[in-house]
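Worksheet: the structure to be examined is printed underneath.
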Amino acid sequence: MITLENNRLIFRFPEVHEAACCEIRFQRTLRIPDDGGEYPLPPGLGPFPLRHLDDYARRIPENWLARGGVIMPMHQAEALWLGFGGGGWDAYPCAARIATGKICAITGASWSEGLSHAPQNYVVLPAQPWLDGYCVEKGVIRQFVAMPLGAGYSVEEQISGTAEHGGLQIAVYPMKAERYEALMRPKRGQTLGTGPIMFGMGLAVGAAGMGMAPGGRMRQEIYDDPFGPDAWDLNHSSRCFVTVASSLSWASLTGERPPTKPPTAERYTKAGLPWFDYYGGDAKALDGSEKLKQVLSVAELGEKTGATPLPENRSVDVELIIALRKTGTDRVREMTE
Amino acid sequence: MKHFGPHVRNLRETLRKQDRRYSLRQVAARIGVEPAYLSKVERGEVAPPSEATTVKLAHELDQDADVLLAMAGKVSSDLQAIIRKRPQVFAELIRQLKLAPDHAVLRVVREVREGEW
C-alpha cells in the first residue's frame, strides 16, 4: 500500500513483512548549468507539495484521473531530485524503478512491468540515497528538468517520439522476507530498521501536462544491486504515477500557491552556500545507458533549434563542496532556502 | 520521557562514528541550540526541547518526528489541531483503535490509488 504522509510517498508491504516499508521524497533543488561541464550534487531546498490526484477529479482531464497517484507542481525549467528514505541499520531493502514519461531513467527503455538485471533497470534502497537524473554514463547523470510536454525536450518525446504520458512513474518491489531475515540476523543485537516500497509518479502541465527532460551533467553513481536478482519479491509491488502540473495549473487546480522558484545556481554559489559529493564506499556503479546518452539536453536541443529554453544557464565555479559518506541518514543534503 | 536523551545520544553517536559532522557541537549548531544545552538534553538533565527543536533533531538524525515527539512526551501541534477541530470523532476513533494491530490501523489510512498507466 502507498500512503501520502507529509509530502512523502510511503510504501508499505505488511503482507510481506512488518518492517517492509520505504519512502520517496521529491526535493526542490537548483537547476545546475547545462553547459557540458560536470557538477557536484546540488542541495535539497525542501519538498515539493504532493496531493492525491483524486481530490481534483472534477477539474482534471479524464486521462489524468485514470492514472491515479499524486500530483505536484513544478515551474518550467525547474529541477528536482528523488530522496529515498528508510536508511536505518535495519532498513528493509527495496528495488525501485523510476521512469519519466514511461521511459526508464536508468536504462532508457520503455516501461514494462518487473525488474531486469542485465541491464539493471532499478535502484536499490536504501543503498541509493538519491536519484537526481538520467544515468547517461558511469558515474554521471543528467539532471531531471521539468519542461512542457509537447515542446519536444522531454526524454519521452526524444526516445519514443510521442508526448503521451509525461510525469514520473515509480514502482517498488520489496526484498523477499526470508532474505531480509537472513540479512538482519547478524545485525540484530547491534542496532534497528524499515522496509521496501514501490510507486510511480508523473508530471502534467495544463491539458498536455509536463514531462521531464535531461538537464546539466552531474557526478552521481547509480549503484549495482549487491543482493542479486533472487532477492526481490516480484509477487508484491506497488506503483504510483506522479503527475506534474505547471505552477500556473497547480494554482488554479488547488487554490494553493506553488513553491517559489529556487535560486539560480549562480546566485546560490555566490552566496557561499555548499554543494555536495557523496561517497558510497565500495559500492559498484552501473554503466550509463547508451540510449539516454544520445538524448539531447534541454540546452543542446535549444541551441539546435535556435530557442532559449533555459532562462538562466551561466556556468558556475563551485568551490565549497561538502563530502557526504554513507551514514544511514540522507537528510544532510537537504537545506532550507 | 527519561529515555529521550539517551536515545538521542545513542543515535547521534552512532552517526558520529561514521561522520564527524554528527559531533555534539555540529548537530547543536544545525538545530539552533547551544552545545551545552544539547549535552544536558542527552544526559537527561533537562526536559526534552520544544516541539520545533525536537522536529529539527528528528530530521537531523533521520528519525520519524512523531516518534521522537512521543518519546519527548509531546504530540505535534498539527495533530492537536486536527483533534481539536473534531474532538469527539477523533477521540472515539483513537480509543477504538488503541488495541488494534498496526495492519488494521493502516486499513483506515487513505491510500494513494495506483490507477491504470
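How things are named: the first chain in the C-alpha cells is A, the next is B, and so on; residues count from 1 in each chain; ligands count from 1 in the order shown.
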Mind checking which residues fall within 7 Å of Gly44 (chain A), counting only C-alpha atoms, ignoring those fewer than 3 positions away in the same chain, and posting them as an mmCIF file with N, CA, C and O atoms, in the first residue's frame?
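around38.cif was written with the following content:
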data_model
loop_
_atom_site.group_PDB
_atom_site.id
_atom_site.type_symbol
_atom_site.label_atom_id
_atom_site.label_comp_id
_atom_site.auth_asym_id
_atom_site.auth_seq_id
_atom_site.Cartn_x
_atom_site.Cartn_y
_atom_site.Cartn_z
ATOM 1 N N GLN A 27 12.349 16.409 -3.937
ATOM 2 C CA GLN A 27 13.034 17.583 -3.405
ATOM 3 C C GLN A 27 13.208 18.685 -4.436
ATOM 4 O O GLN A 27 13.641 18.429 -5.565
ATOM 5 N N ARG A 28 12.891 19.897 -4.022
ATOM 6 C CA ARG A 28 13.202 21.060 -4.848
ATOM 7 C C ARG A 28 14.716 21.270 -4.814
ATOM 8 O O ARG A 28 15.373 20.985 -3.809
ATOM 9 N N THR A 29 15.257 21.744 -5.900
ATOM 10 C CA THR A 29 16.707 21.938 -5.937
ATOM 11 C C THR A 29 17.079 22.974 -6.986
ATOM 12 O O THR A 29 16.233 23.457 -7.741
ATOM 13 N N ARG A 333 21.773 16.559 3.049
ATOM 14 C CA ARG A 333 21.838 17.306 1.807
ATOM 15 C C ARG A 333 20.670 18.279 1.692
ATOM 16 O O ARG A 333 20.622 19.093 0.791
ATOM 17 N N GLU A 334 19.707 18.148 2.585
ATOM 18 C CA GLU A 334 18.518 18.975 2.494
ATOM 19 C C GLU A 334 18.688 20.233 3.324
ATOM 20 O O GLU A 334 19.066 20.190 4.475
ATOM 21 N N MET A 335 18.426 21.366 2.691
ATOM 22 C CA MET A 335 18.626 22.645 3.359
ATOM 23 C C MET A 335 17.337 23.444 3.268
ATOM 24 O O MET A 335 16.403 23.069 2.609
#
Can you write out as a Markdown table which residues of chain B fall within 12 Å of chain A, alongside each residue's closest atom pair and its distance in Å to one decimal, counting only C-alpha atoms and ordering rows by chain and ascending residue number?
| residue | atom | partner | partner_atom | distance |
| --- | --- | --- | --- | --- |
| B:His7 | CA | A:Thr191 | CA | 11.9 |
| B:Asn10 | CA | A:Thr191 | CA | 10.1 |
| B:Leu11 | CA | A:Thr191 | CA | 9.8 |
| B:Arg12 | CA | A:Thr329 | CA | 10.7 |
| B:Glu13 | CA | A:Thr327 | CA | 11.3 |
| B:Thr14 | CA | A:Thr327 | CA | 8.8 |
| B:Leu15 | CA | A:Thr327 | CA | 6.0 |
| B:Arg16 | CA | A:Thr327 | CA | 8.5 |
| B:Lys17 | CA | A:Thr327 | CA | 8.8 |
| B:Gln18 | CA | A:Thr327 | CA | 5.9 |
| B:Asp19 | CA | A:Thr327 | CA | 6.7 |
| B:Arg20 | CA | A:Arg325 | CA | 10.2 |
| B:Arg21 | CA | A:Val332 | CA | 9.4 |
| B:Tyr22 | CA | A:Thr327 | CA | 9.8 |
| B:Gln26 | CA | A:Val332 | CA | 11.8 |
| B:Val27 | CA | A:Val332 | CA | 10.6 |
| B:Arg30 | CA | A:Val332 | CA | 9.9 |
| B:Ile31 | CA | A:Met335 | CA | 11.7 |
| B:Lys56 | CA | A:Arg331 | CA | 10.8 |
| B:Leu57 | CA | A:Arg331 | CA | 11.0 |
| B:Ala58 | CA | A:Arg331 | CA | 10.0 |
| B:His59 | CA | A:Arg331 | CA | 6.8 |
| B:Glu60 | CA | A:Arg331 | CA | 6.4 |
| B:Leu61 | CA | A:Thr329 | CA | 6.7 |
| B:Asp62 | CA | A:Thr329 | CA | 5.4 |
| B:Gln63 | CA | A:Gly88 | CA | 8.6 |
| B:Asp64 | CA | A:Gly86 | CA | 9.8 |
| B:Ala65 | CA | A:Asn6 | CA | 10.8 |
| B:Asp66 | CA | A:Asn6 | CA | 11.3 |
| B:Asp78 | CA | A:Asn6 | CA | 11.1 |
| B:Pro101 | CA | A:Glu18 | CA | 10.9 |
| B:Asp102 | CA | A:Glu18 | CA | 8.8 |
| B:His103 | CA | A:Pro14 | CA | 6.7 |
| B:Ala104 | CA | A:Pro14 | CA | 10.3 |
| B:Val105 | CA | A:Pro14 | CA | 11.7 |
| B:Leu106 | CA | A:Met1 | CA | 9.1 |
| B:Arg107 | CA | A:Met1 | CA | 9.4 |
| B:Val108 | CA | A:Thr3 | CA | 11.0 |
| B:Val109 | CA | A:Thr3 | CA | 7.5 |
| B:Arg110 | CA | A:Thr3 | CA | 6.5 |
| B:Glu111 | CA | A:Thr3 | CA | 4.7 |
| B:Val112 | CA | A:Ile2 | CA | 5.3 |
| B:Arg113 | CA | A:Gly68 | CA | 5.2 |
| B:Glu114 | CA | A:Cys240 | CA | 5.3 |
| B:Gly115 | CA | A:Gly68 | CA | 4.2 |
| B:Glu116 | CA | A:Arg67 | CA | 4.9 |
| B:Trp117 | CA | A:Arg67 | CA | 5.4 |
(request) Would you kindly return, as a ChimeraX atom specification, each protein, DNA or RNA residue with an atom no farther than 12 Å from any atom of Asp233 (chain A), considering only C-alpha atoms and excluding same-chain residues fewer than 6 positions away? (result) /A:13,15-17,20,93-95,114-115,172-180,196-198
(message) Between CA of Tyr153 (chain A) and CA of Phe84 (chain A), what distance in Å does the model show, to one decimal?
(response) 26.6 Å
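Counting from CA of Ala72 (chain B), the distance to CA of Ser50 (chain B) is 9.1 Å.
For the pair CA of Ala151 (chain A) and CA of Pro33 (chain A), the separation is 20.2 Å.
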(message) Can you tell me, as a PyMOL selection string, which residues in region 60-285 of chain A count as alpha helix (DSSP H) by DSSP?
(response) chain A and resi 62-67+155-160+177-184+247-254+265-270
Selection from above, N, CA, C and O atoms, as a short mmCIF file (atom, residue, chain, number, x, y, z; two decimals), in the first residue's frame, can you write it?
data_model
loop_
_atom_site.label_atom_id
_atom_site.label_comp_id
_atom_site.auth_asym_id
_atom_site.auth_seq_id
_atom_site.Cartn_x
_atom_site.Cartn_y
_atom_site.Cartn_z
N GLU A 62 -9.70 13.44 -18.08
CA GLU A 62 -10.02 12.05 -17.73
C GLU A 62 -8.80 11.13 -17.76
O GLU A 62 -8.66 10.23 -16.95
N ASN A 63 -7.91 11.40 -18.73
CA ASN A 63 -6.75 10.50 -18.83
C ASN A 63 -5.81 10.68 -17.62
O ASN A 63 -5.12 9.75 -17.23
N TRP A 64 -5.80 11.87 -17.03
CA TRP A 64 -5.01 12.05 -15.81
C TRP A 64 -5.63 11.27 -14.68
O TRP A 64 -4.95 10.60 -13.92
N LEU A 65 -6.96 11.38 -14.56
CA LEU A 65 -7.67 10.74 -13.46
C LEU A 65 -7.47 9.22 -13.49
O LEU A 65 -7.31 8.58 -12.46
N ALA A 66 -7.46 8.67 -14.69
CA ALA A 66 -7.31 7.21 -14.82
C ALA A 66 -5.97 6.73 -14.25
O ALA A 66 -5.86 5.61 -13.76
N ARG A 67 -4.96 7.59 -14.29
CA ARG A 67 -3.63 7.18 -13.80
C ARG A 67 -3.57 7.04 -12.29
O ARG A 67 -2.70 6.38 -11.75
N VAL A 155 12.55 13.51 -22.38
CA VAL A 155 13.17 12.24 -22.78
C VAL A 155 12.13 11.36 -23.48
O VAL A 155 12.44 10.68 -24.47
N GLU A 156 10.90 11.42 -22.98
CA GLU A 156 9.82 10.64 -23.61
C GLU A 156 9.69 10.99 -25.09
O GLU A 156 9.63 10.12 -25.96
N GLU A 157 9.65 12.29 -25.38
CA GLU A 157 9.48 12.71 -26.78
C GLU A 157 10.70 12.38 -27.62
O GLU A 157 10.57 11.98 -28.78
N GLN A 158 11.88 12.53 -27.04
CA GLN A 158 13.10 12.28 -27.84
C GLN A 158 13.31 10.78 -28.10
O GLN A 158 13.88 10.42 -29.13
N ILE A 159 12.87 9.93 -27.18
CA ILE A 159 13.10 8.49 -27.38
C ILE A 159 11.90 7.82 -28.06
O ILE A 159 12.06 7.06 -29.02
N SER A 160 10.67 8.10 -27.58
CA SER A 160 9.51 7.39 -28.13
C SER A 160 8.85 8.15 -29.27
O SER A 160 8.06 7.58 -30.01
N ALA A 177 10.96 -11.72 2.23
CA ALA A 177 11.02 -11.67 3.70
C ALA A 177 12.15 -12.55 4.25
O ALA A 177 12.86 -12.16 5.17
N GLU A 178 12.34 -13.74 3.65
CA GLU A 178 13.36 -14.65 4.20
C GLU A 178 14.77 -14.09 3.97
O GLU A 178 15.66 -14.28 4.80
N ARG A 179 14.94 -13.37 2.85
CA ARG A 179 16.26 -12.76 2.61
C ARG A 179 16.52 -11.64 3.61
O ARG A 179 17.63 -11.45 4.09
N TYR A 180 15.45 -10.88 3.90
CA TYR A 180 15.61 -9.79 4.88
C TYR A 180 15.97 -10.35 6.25
O TYR A 180 16.86 -9.84 6.92
N GLU A 181 15.28 -11.42 6.64
CA GLU A 181 15.56 -12.01 7.96
C GLU A 181 17.01 -12.51 8.02
O GLU A 181 17.69 -12.33 9.02
N ALA A 182 17.45 -13.12 6.94
CA ALA A 182 18.82 -13.62 6.90
C ALA A 182 19.82 -12.47 6.97
O ALA A 182 20.87 -12.56 7.61
N LEU A 183 19.45 -11.37 6.33
CA LEU A 183 20.31 -10.18 6.31
C LEU A 183 20.42 -9.56 7.69
O LEU A 183 21.47 -9.08 8.11
N MET A 184 19.29 -9.57 8.42
CA MET A 184 19.24 -8.91 9.72
C MET A 184 19.83 -9.73 10.84
O MET A 184 20.25 -9.21 11.86
N SER A 247 3.23 25.36 -12.54
CA SER A 247 2.89 26.15 -11.36
C SER A 247 1.56 26.88 -11.57
O SER A 247 0.76 27.01 -10.64
N LEU A 248 1.28 27.32 -12.80
CA LEU A 248 0.01 28.02 -13.06
C LEU A 248 -1.17 27.06 -12.94
O LEU A 248 -2.19 27.37 -12.33
N SER A 249 -1.02 25.88 -13.55
CA SER A 249 -2.09 24.88 -13.46
C SER A 249 -2.35 24.51 -12.02
O SER A 249 -3.49 24.33 -11.59
N TRP A 250 -1.27 24.36 -11.27
CA TRP A 250 -1.38 23.97 -9.86
C TRP A 250 -2.20 24.99 -9.08
O TRP A 250 -3.09 24.64 -8.31
N ALA A 251 -1.89 26.25 -9.30
CA ALA A 251 -2.59 27.31 -8.56
C ALA A 251 -4.08 27.29 -8.88
O ALA A 251 -4.92 27.39 -7.98
N SER A 252 -4.43 27.13 -10.16
CA SER A 252 -5.85 27.16 -10.50
C SER A 252 -6.54 25.87 -10.06
O SER A 252 -7.71 25.86 -9.71
N LEU A 253 -5.80 24.78 -10.05
CA LEU A 253 -6.39 23.49 -9.69
C LEU A 253 -6.61 23.37 -8.18
O LEU A 253 -7.67 22.94 -7.73
N THR A 254 -5.63 23.76 -7.42
CA THR A 254 -5.67 23.50 -5.98
C THR A 254 -6.01 24.74 -5.15
O THR A 254 -6.33 24.63 -3.98
N ALA A 265 21.71 28.65 -9.84
CA ALA A 265 22.95 28.03 -9.36
C ALA A 265 24.00 29.11 -9.10
O ALA A 265 24.78 29.04 -8.15
N GLU A 266 24.00 30.15 -9.96
CA GLU A 266 24.98 31.23 -9.82
C GLU A 266 24.76 31.99 -8.51
O GLU A 266 25.70 32.24 -7.76
N ARG A 267 23.50 32.34 -8.26
CA ARG A 267 23.19 33.13 -7.06
C ARG A 267 23.49 32.31 -5.80
O ARG A 267 24.06 32.80 -4.82
N TYR A 268 23.13 31.05 -5.84
CA TYR A 268 23.35 30.17 -4.69
C TYR A 268 24.86 30.05 -4.40
O TYR A 268 25.30 30.17 -3.26
N THR A 269 25.62 29.84 -5.46
CA THR A 269 27.06 29.62 -5.29
C THR A 269 27.75 30.89 -4.82
O THR A 269 28.62 30.86 -3.95
N LYS A 270 27.33 32.04 -5.39
CA LYS A 270 27.94 33.31 -4.98
C LYS A 270 27.64 33.65 -3.53
O LYS A 270 28.37 34.41 -2.90
#
